[in-house]
Amino acid sequence: MNLKFEKRNPGKRDGRLLLELLLGVVILLGGLPRKGEAAVVITPTQEVVMSGSGLNLVIADGGAVTVGETLSGYVHLPGNRYEISVSFSIRPDVTQVDVNKRYMVSGDYRVFLRHGSGVMTPDTIGSYLLKNVGQEYVFPQLGYWDGAGMDVTLEDSAAHSIQGYRSVLVGDHMTEITGVVGGTWRPLEALGSLGVGDPNGVWGLVFDDGILGGQANLQSWSVSLKPVPEPSAASCLVVALGLGLRRRRERNAV
């Protein structure tokens, strides 16, 4: 029986292993840059927060008010996704001279979040956070008649829809809420589509009093875009290193 012994060079083997690891990481991160093309720089995303407080903005009876910001300069990576959280506080307009408008009705309001390059541009997308809450359950075309105000947060991950908050808070749709409606709720329409892609552009939060009767003030608002972790460069590196170390152990065992 002939035995063949191969002389190995540890330094050369380790150098080749390192090269394989680096090549694997490059492939996982999207490949080598083409000739004349700059390499992709992986940079961390950042949470984006827009807000306003102490506003006391009148939402006129039958009218609307829009707040928001125009974002620019934020790092955008293809495939980025954000979880969107919207909070706002509205109260009855007790300063109204007209006593018939010194109250608000929660079922009067529609709140809409939009994002694009302009208010009415073709690329603008949006979702209704709420639309005449309770309308599906009581008094068609009207909704709940709670009048103390709303101080709520809306997120896709919440357990219950804002549209039927009475059933969660008091167990039915016909019992009036005496205090300010609070808590975290799921919006009427999912916000996921607004959280995909580039956060730069025009963001608008529209408060619309769609039914006559009563008048309210917008006290505060905020829109938060929190980055959702994707299979990142770091995790890809860990996988590549793990595979490389496994191959190294296998080679050392030979």
# chains A, B, ... in the order shown; residues from 1 in each chain; ligands from 1
$ residues_around --residues "segment 118-135 of chain A" --least-positions-apart "3" --cutoff "7 Å" --atoms "only C-alpha atoms" --output "list in words"
Ser106, Gly107, Asp108, Tyr109, Arg110, Val111, Phe112, Leu113, Arg114, His115, Val138, Phe139, Pro140, Gln141, Leu142, Gly143, Tyr144, Ile162, Gln163, Gly164, Pro187, Leu188, Glu189, Ala190, Leu191, Leu194 and Val202 of chain A
$ select_by_dssp --residues "segment 60-158 of chain A" --states "strand (DSSP E or B)" --output "PyMOL selection string"
chain A and resi 64-71+81-92+109-116+125-131+150-155
$ closest_residue --among "A:Trp185, A:Tyr137, A:Phe207, A:Tyr103" --to "Ile59 of chain A" --atoms "only C-alpha atoms"
A:Phe207
$ closest_residue --among "A:Val180, A:Met150, A:Met174, A:Leu225" --to "Tyr74 of chain A" --atoms "only C-alpha atoms"
A:Leu225
$ residues_around --residues "Asn56 of chain A" --least-positions-apart "4" --cutoff "8 Å" --atoms "only C-alpha atoms" --output "list in words"
Asn217, Leu218, Gln219 and Ser220 of chain A
$ residues_around --residues "Leu57 of chain A" --least-positions-apart "3" --cutoff "12 Å" --atoms "only C-alpha atoms" --output "number ranges by chain"
A: 52-54, 60, 63-67, 89-93, 95, 207, 215-221
$ atom_distance --atom1 "atom CA of Ile84 of chain A" --atom2 "atom CA of Leu154 of chain A"
8.5 Å
$ closest_residue --among "A:Tyr165, A:Trp145, A:Tyr82, A:Phe88" --to "Gly192 of chain A" --atoms "only C-alpha atoms"
A:Tyr82
$ atom_distance --atom1 "atom CA of Ile177 of chain A" --atom2 "atom CA of Val99 of chain A"
21.4 Å
$ residues_around --residues "Thr70 of chain A" --least-positions-apart "3" --cutoff "8 Å" --atoms "only C-alpha atoms" --output "PDB file with C-alpha atoms, in the first residue's frame"
ATOM      1  CA  ASN A 200     -37.118  61.635   2.758  1.00  0.00           C
ATOM      2  CA  GLY A 201     -39.916  63.743   1.332  1.00  0.00           C
ATOM      3  CA  VAL A 202     -43.093  65.493   2.446  1.00  0.00           C
ATOM      4  CA  TRP A 203     -44.983  63.994   5.402  1.00  0.00           C
TER       5      TRP A 203
END
$ atom_distance --atom1 "atom CA of Ala158 of chain A" --atom2 "atom CA of Val86 of chain A"
11.9 Å
$ select_by_dssp --residues "segment 59-228 of chain A" --states "alpha helix (DSSP H)" --output "PDB file with C-alpha atoms, in the first residue's frame"
ATOM      1  CA  TYR A 165     -62.284  51.192  21.022  1.00  0.00           C
ATOM      2  CA  ARG A 166     -65.473  51.253  23.131  1.00  0.00           C
ATOM      3  CA  SER A 167     -65.861  47.490  23.000  1.00  0.00           C
ATOM      4  CA  VAL A 168     -62.344  47.134  24.449  1.00  0.00           C
ATOM      5  CA  LEU A 169     -62.621  49.874  27.097  1.00  0.00           C
TER       6      LEU A 169
END
$ closest_residue --among "A:Val48, A:Asp98, A:Val170, A:Gly179" --to "Asp151 of chain A" --atoms "only C-alpha atoms"
A:Gly179
$ closest_residue --among "A:Asp208, A:Glu47, A:Glu69, A:Asp146" --to "Arg81 of chain A" --atoms "only C-alpha atoms"
A:Glu47
